[in-house]
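Trainee: Encoded as structure tokens, here's the structure I'll be asking about.
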Amino acid sequence: MEDQPWLDRIYCADARSMADVPAGSVQLVVTSPPYNVDKDYTDHDDDLRLDEYLAMLHAVWRECYRVLAPGGRLCVNVANTDRKPYLSLVSLIDEQLRTSDCRWLHRGHIIWDKGASAGISTAWGSFGRSSNPTLRDVHEYITVWSKDQLRLDGGGPTGITGNEFVAWTRSIWRPEDRLKDLERKILAKLTDARRRGKDDAWIAESIARSVWAQAADEGSESIWSMTTETGVDHPAPFPEELPRRLMLLYTKPGDVALDPFMGSGSTAVAAVMEGRHYVGYEISAEYCRIAEERVETSEVWETSKVDPEQGVICPSSSPGRLRPTIL
Ligand SMILES: C[S@@+](CC[C@H](N)C(=O)[O-])C[C@H]1O[C@@H](n2cnc3c(N)ncnc32)[C@H](O)[C@@H]1O
């Protein structure tokens, strides 16, 4: 875009100043900062003193506030760290935002269950004894904040399905295989309802709600679960599915998603797939190159089509990028 050269760009620069991005121009920030756990990043020292680390984050949050539109959301993915004693990064970041002179309003936490893909730690502490059993985290957080007001001006349909909306507004994200099971169950009920001539958005939503409620009663807590990203040459990528879900909840097509710690470009890839614009900052030239390559080879989801026989929305011609959903 000629008049908006900052759109759909990854700046190889420090996110403490995002001067190229105009104030109030972004609907969603989705990001995962370095956790300060001595990861081997090419251009960032991941072993800062805690006060230096928090000062760096503080400067980035301030810039995020400037570029967000009123009601725009800041979603920060972070894990607590095992520094003996345990350091709750999510609490520190929440406290930073809560006490900031910018007006951040807290919307809550999403628990991201890393499930089977979480590292198999053998740090048991005292195995089978009460002296010092060690907790091993298999989850991370996404702490969600709004700028100035909870409501986003100009909000509109995001393209999310009723089923996804019900699932992803629950505070813990559910294992993918479980989700597929539930989708099948909902689809069967929906097909039955249609056969009986009951076919509207309200019926579809109430079926989805009742199947989810039943699943929760069966003891499976709601969990936003996705495996960690592999196959990307970066020490700490998150899966595309994480920014994708946040975009489908918090933005509409054509909105802008910013990632100030872009890394290998997962947020930009999710934006391209879901028809959003992106802008990113990343201090490592090597990661910027990887991110740009990933964006170039990513595909837009095909527009969903309804199969009137089955009621399933399922694009047909790009097998790697199927997005099977239910009305
Ligand atoms: C946890 S990683 C982000 C990974 C990313 N979500 C992905 O999927 O690849 C944090 C990134 O922040 C970058 N970084 C650290 N300090 C930065 C700063 N001040 N400005 C911009 N990028 C920075 C690091 O180089 C690293 O790639």
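Every chain in the structure tokens has a letter given in the order shown (A, B, ...), and although residue numbers restart at 1 in each chain, ligands are simply numbered from 1 in the order shown.
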Could you list, as JSON, numbers by chain, all residues that come within 8 Å of ligand 1? Count only C-alpha atoms and all ligand atoms.

Mentor: {"A": [12, 13, 14, 15, 16, 31, 32, 33, 34, 35, 41, 42, 43, 44, 45, 46, 56, 57, 60, 229, 232, 234, 235, 236, 237, 238, 239, 240, 259, 260, 261, 262, 263, 264, 265, 266, 267, 281, 282, 283, 284, 287, 291]}

Trainee: With only C-alpha atoms as the counted atoms, please give the residues lying no more than 9 Å from Ala19 in chain A, apart from itself and same-chain residues fewer than 3 positions off, as a ChimeraX atom specification.

Mentor: /A:22-23,63

Trainee: Could you save the residues just selected, with N, CA and C atoms, as a PDB file, in the first residue's frame?

Mentor:
ATOM      1  N   PRO A  22       1.799   4.584  12.916  1.00  0.00           N
ATOM      2  CA  PRO A  22       1.059   5.752  13.421  1.00  0.00           C
ATOM      3  C   PRO A  22       0.251   5.444  14.691  1.00  0.00           C
ATOM      4  N   ALA A  23       0.052   6.462  15.512  1.00  0.00           N
ATOM      5  CA  ALA A  23      -0.750   6.309  16.737  1.00  0.00           C
ATOM      6  C   ALA A  23      -2.168   5.869  16.379  1.00  0.00           C
ATOM      7  N   GLU A  63       4.898   1.780  23.810  1.00  0.00           N
ATOM      8  CA  GLU A  63       4.736   1.963  22.366  1.00  0.00           C
ATOM      9  C   GLU A  63       3.485   1.236  21.861  1.00  0.00           C
TER      10      GLU A  63
END

Trainee: Go through range 98-178 of chain A and collect every residue that DSSP, computed from the backbone, puts in strand (DSSP E or B); the answer should be as a PyMOL selection string.

Mentor: chain A and resi 104-113+125+133+139-147+172

Trainee: Now that the selection is made, can you save its residues with N, CA and C atoms as an mmCIF file, in the first residue's frame?

Mentor:
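The result, stored in again09.cif:
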data_model
loop_
_atom_site.group_PDB
_atom_site.id
_atom_site.type_symbol
_atom_site.label_atom_id
_atom_site.label_comp_id
_atom_site.auth_asym_id
_atom_site.auth_seq_id
_atom_site.Cartn_x
_atom_site.Cartn_y
_atom_site.Cartn_z
ATOM 1 N N TRP A 104 -4.477 0.821 30.896
ATOM 2 C CA TRP A 104 -4.716 -0.553 30.441
ATOM 3 C C TRP A 104 -5.827 -1.165 31.283
ATOM 4 N N LEU A 105 -6.783 -1.823 30.659
ATOM 5 C CA LEU A 105 -7.847 -2.523 31.402
ATOM 6 C C LEU A 105 -7.659 -4.025 31.206
ATOM 7 N N HIS A 106 -7.615 -4.751 32.312
ATOM 8 C CA HIS A 106 -7.335 -6.191 32.219
ATOM 9 C C HIS A 106 -8.596 -6.943 31.779
ATOM 10 N N ARG A 107 -8.462 -7.811 30.777
ATOM 11 C CA ARG A 107 -9.600 -8.617 30.311
ATOM 12 C C ARG A 107 -9.531 -10.046 30.834
ATOM 13 N N GLY A 108 -8.340 -10.490 31.278
ATOM 14 C CA GLY A 108 -8.228 -11.838 31.849
ATOM 15 C C GLY A 108 -7.051 -12.613 31.293
ATOM 16 N N HIS A 109 -7.005 -13.887 31.714
ATOM 17 C CA HIS A 109 -5.921 -14.771 31.273
ATOM 18 C C HIS A 109 -6.475 -15.924 30.461
ATOM 19 N N ILE A 110 -5.742 -16.342 29.460
ATOM 20 C CA ILE A 110 -6.011 -17.622 28.797
ATOM 21 C C ILE A 110 -4.877 -18.554 29.213
ATOM 22 N N ILE A 111 -5.244 -19.768 29.589
ATOM 23 C CA ILE A 111 -4.216 -20.766 29.892
ATOM 24 C C ILE A 111 -3.984 -21.571 28.619
ATOM 25 N N TRP A 112 -2.778 -21.594 28.163
ATOM 26 C CA TRP A 112 -2.413 -22.367 26.974
ATOM 27 C C TRP A 112 -1.775 -23.666 27.465
ATOM 28 N N ASP A 113 -2.503 -24.748 27.261
ATOM 29 C CA ASP A 113 -2.024 -26.071 27.688
ATOM 30 C C ASP A 113 -1.069 -26.612 26.642
ATOM 31 N N GLY A 125 12.466 -32.987 41.992
ATOM 32 C CA GLY A 125 12.746 -32.572 43.363
ATOM 33 C C GLY A 125 12.975 -33.827 44.154
ATOM 34 N N PRO A 133 8.923 -31.959 46.633
ATOM 35 C CA PRO A 133 8.442 -32.281 45.277
ATOM 36 C C PRO A 133 8.410 -31.026 44.411
ATOM 37 N N HIS A 139 1.988 -25.492 31.107
ATOM 38 C CA HIS A 139 1.107 -24.463 30.548
ATOM 39 C C HIS A 139 1.851 -23.136 30.442
ATOM 40 N N GLU A 140 1.292 -22.262 29.595
ATOM 41 C CA GLU A 140 1.743 -20.876 29.552
ATOM 42 C C GLU A 140 0.500 -19.996 29.677
ATOM 43 N N TYR A 141 0.704 -18.687 29.698
ATOM 44 C CA TYR A 141 -0.418 -17.756 29.813
ATOM 45 C C TYR A 141 -0.503 -16.854 28.596
ATOM 46 N N ILE A 142 -1.704 -16.369 28.346
ATOM 47 C CA ILE A 142 -1.849 -15.192 27.483
ATOM 48 C C ILE A 142 -2.617 -14.204 28.344
ATOM 49 N N THR A 143 -1.958 -13.111 28.704
ATOM 50 C CA THR A 143 -2.642 -12.101 29.507
ATOM 51 C C THR A 143 -3.180 -11.044 28.540
ATOM 52 N N VAL A 144 -4.481 -10.745 28.689
ATOM 53 C CA VAL A 144 -5.181 -9.948 27.672
ATOM 54 C C VAL A 144 -5.641 -8.611 28.273
ATOM 55 N N TRP A 145 -5.257 -7.525 27.634
ATOM 56 C CA TRP A 145 -5.567 -6.176 28.117
ATOM 57 C C TRP A 145 -6.190 -5.342 27.001
ATOM 58 N N SER A 146 -6.953 -4.313 27.387
ATOM 59 C CA SER A 146 -7.503 -3.370 26.418
ATOM 60 C C SER A 146 -6.965 -1.973 26.701
ATOM 61 N N LYS A 147 -6.823 -1.202 25.654
ATOM 62 C CA LYS A 147 -6.406 0.194 25.820
ATOM 63 C C LYS A 147 -7.631 1.074 26.104
ATOM 64 N N ILE A 172 -9.485 -21.583 29.216
ATOM 65 C CA ILE A 172 -8.394 -22.548 29.020
ATOM 66 C C ILE A 172 -8.614 -23.176 27.656
#

Trainee: So which one's closest to Asp255 in chain A, A:Gly72, A:Phe127, A:Glu95, A:Arg194? Using only C-alpha atoms, please.

Mentor: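 That would be A:Gly72, the residue with the smallest distance to Asp255 in chain A.
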
Trainee: Please determine, counting only C-alpha atoms, which residue among A:Cys64, A:Leu7, A:Val90, A:Ile207 has the shortest atom-to-atom distance to Arg103 in chain A.

Mentor: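 Of A:Cys64, A:Leu7, A:Val90, A:Ile207, the one nearest Arg103 in chain A is A:Cys64, counting only C-alpha atoms.
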
Trainee: Counting only C-alpha atoms, figure out which residue out of A:Tyr250, A:Trp124, A:Tyr53, A:Phe165 gets nearest to Gly71 in chain A.

Mentor: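 Of A:Tyr250, A:Trp124, A:Tyr53, A:Phe165, the one nearest Gly71 in chain A, counting only C-alpha atoms, is A:Tyr250.
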
Trainee: Would you pick out the contacts of Gln27 in chain A at 12 Å or less, using only C-alpha atoms, so that residues sharing its chain but fewer than 4 positions from it are not included, and give the list as a PyMOL selection string?

Mentor: chain A and resi 23+64-75+145-147+151-156+246-247+249-259+276-279

Trainee: In Å, with one decimal, what is the gap from CA of Ser298 in chain A to CA of Ala270 in chain A?

Mentor: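 That distance, rounded to one decimal, is 8.6 Å.
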
Trainee: For Leu54 in chain A, please output as a PyMOL selection string all residues within 9 Å (counting only C-alpha atoms; exclusion window: fewer than 5 positions along the same chain).

Mentor: chain A and resi 49+59+92-93+96

Trainee: Could you save those same residues with C-alpha atoms as a PDB file, in the first residue's frame?

Mentor:
ATOM      1  CA  ARG A  49      19.096  -8.170  35.379  1.00  0.00           C
ATOM      2  CA  ALA A  59       9.178   0.669  26.988  1.00  0.00           C
ATOM      3  CA  LEU A  92       5.144  -9.136  36.939  1.00  0.00           C
ATOM      4  CA  ILE A  93       3.805  -8.140  33.510  1.00  0.00           C
ATOM      5  CA  GLN A  96       3.544  -3.463  35.142  1.00  0.00           C
TER       6      GLN A  96
END

Trainee: Using CA of Asp148 in chain A and CA of Ala271 in chain A as the two end points, give the distance in Å to one decimal.

Mentor: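 Distance reported for this atom pair: 24.4 Å.
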